[in-house]
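*Asks:* Starting off with a structure, shown below.
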Amino acid sequence: MELLIVGGAGEFGQFLQRDILPHICVKTVSSVDRETPSEAHKSLLKQARHVVVATPLAGYAQLACELVYRCRDVSEAKTLWLIPSVQAGVWRAVTATLDMVNNPKLSAVFVHPMYGPNGFRETEPEARTFQNVLTATHEGADNSTKEEIARIAGTFHTKFNITTTAEFTPEEHDRITAYSQGLSYCVAKLMFQRPELAALVYRQMPDLHNSFHANHELIIDFLRINSYMPQVMAAFNDSWEQTPKATFTDIVRAFRAADHTLNRGADSAISTKWYEKLRTASLQI
């Protein structure tokens with residue numbers, strides 16, 4: 001099948017092309033950048049059976065809606081795969097646009113891949129956190145996605161031992177990930193604001209430190225766009241204020257207190273590698 005990745009030159013887009021798509025029986029993969037003028041990739045968009053949007057979170061919903069509108073007159077089945085780390089706003093905007101163009105050949109799948117180039121192998125300690133979270137689909141009358149999703153989900157399970165869950169709506173997804181992924185990003189925000197704390201994290205958790213710095217823009221966008229982050233940041237900031245605010249122990253102690261407030265000691269249903277590492281560190285102090 002023909003597939004177009006919008007944002008294919010980015011870290012996650014390259015990861016998809018290198019490590020994932022060769023196992024999904026994709027015959028031809030084309031890639032364009034987010035900034036590529038629409039006329040320049042018009043033919044690629046027209047030819048693609050599937051379109052994956054792998055661009056940064058900021059502006060994601062607008063770009064996705066623009067792609068839907070450019071595909072409004074397609075005469076053959078086309079499916080957009082929308083994979084942002086914050087789902088609800090994109091889902092609302094895109095489904096409204098799909099309803100507006102009302103093309104029975106056009107469908108969209110909303111899914112958050114909870115893994116990436118920093119971790120997706122089943123041999124890794126945090127492998128239980130690697131999953132596809134399918135939050136919603138919007139099917140055109142002449143483009144059912146059920147069989148394709150089932151096939152791809154089966155391939156992910158067979159090739160990577162990565163499961164696919166459809167237990168959460170986009171809104172539920174955003175709340176749960178704010179309480180896990182977003183909570184870990186509160187630590188990242190501290191690192192960004194105070195270099196001396198970043199140095200302490202680097203000494204104790206160098207992989208986490210490097211990943212957070214490499215994904216600085218993504219993290220800032222997540223903190224800004226996920227509508228549940230204000231309550232998460234309030235819980236973390238309150239816990240941080242109860243510490244001397246000077247050591248690595250203070251950081252993980254604040255994390256643990258906020259985690260207890262938000263998750264009540266329960267495991268997160270949509271966890272991440274770095275949330276689990278911070279949780280483990282917090283339980284060791």
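Convention: chains lettered A, B, ... in structure tokens order; per-chain residue numbering from 1; ligands numbered from 1 as shown.
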Determine which residues of stretch 5-60 of chain A receive a DSSP assignment of helix (DSSP H, G or I), computed from the backbone, and state them as a list in words.

*Replies:*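 Written out, the helix (DSSP H, G or I) residues of stretch 5-60 of chain A are Glu11, Phe12, Gly13, Gln14, Phe15, Leu16, Gln17, Arg18, Asp19, Ile20, Leu21, Pro22, His23, Ser38, Glu39, Ala40, His41, Lys42, Ser43, Leu44, Leu45, Lys46, Gln47 and Tyr60 of chain A.
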
*Asks:* May I have the residues within 6 Å of A:Leu134 as a PyMOL selection string, using only C-alpha atoms and disregarding those fewer than 2 positions away in the same chain?

*Replies:* chain A and resi 111+136+165-166

*Asks:* When distances are computed from only C-alpha atoms, which of A:Asn263, A:Thr145, A:Thr129, A:Thr135 shows the smallest separation from A:Leu106?

*Replies:*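 Of the candidates, the smallest distance to A:Leu106 is held by A:Thr145.
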
*Asks:* Choose the residue, out of A:Glu76, A:Asp33, A:Glu171, A:Glu66, that has the smallest atom-to-atom separation from A:Arg92; count only C-alpha atoms.

*Replies:*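 Looking at the shortest contact to A:Arg92, the residue is A:Glu171.
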
*Asks:* Leaving out A:Pro84 and any residue of its chain fewer than 3 positions from it, which residues lie within 7 Å of it when counting only C-alpha atoms, given as a CSV table (one decimal) with N, CA, C and O atoms, in the first residue's frame?

*Replies:*
```csv
chain,number,residue,atom,x,y,z
A,57,LEU,N,3.5,18.6,18.2
A,57,LEU,CA,2.2,18.8,18.8
A,57,LEU,C,1.6,20.2,18.5
A,57,LEU,O,0.4,20.3,18.2
A,87,GLN,N,-4.8,14.0,22.5
A,87,GLN,CA,-5.7,13.5,21.5
A,87,GLN,C,-7.0,14.3,21.4
A,87,GLN,O,-7.5,14.5,20.3
A,112,HIS,N,-2.5,6.9,19.8
A,112,HIS,CA,-1.2,7.4,20.4
A,112,HIS,C,-0.3,6.3,20.6
A,112,HIS,O,-0.5,5.4,21.5
```

*Asks:* For A:Ala257, please output as a list in words all residues within 10 Å (counting only C-alpha atoms; exclusion window: fewer than 2 positions along the same chain).

*Replies:*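 My reading of the contact set: Ala235, Phe236, Asp238, Ser239, Trp240, Gln242, Val252, Arg253, Ala254, Phe255, Asp259, His260, Thr261, Leu262, Arg264, Gly265 and Ser282 of chain A.
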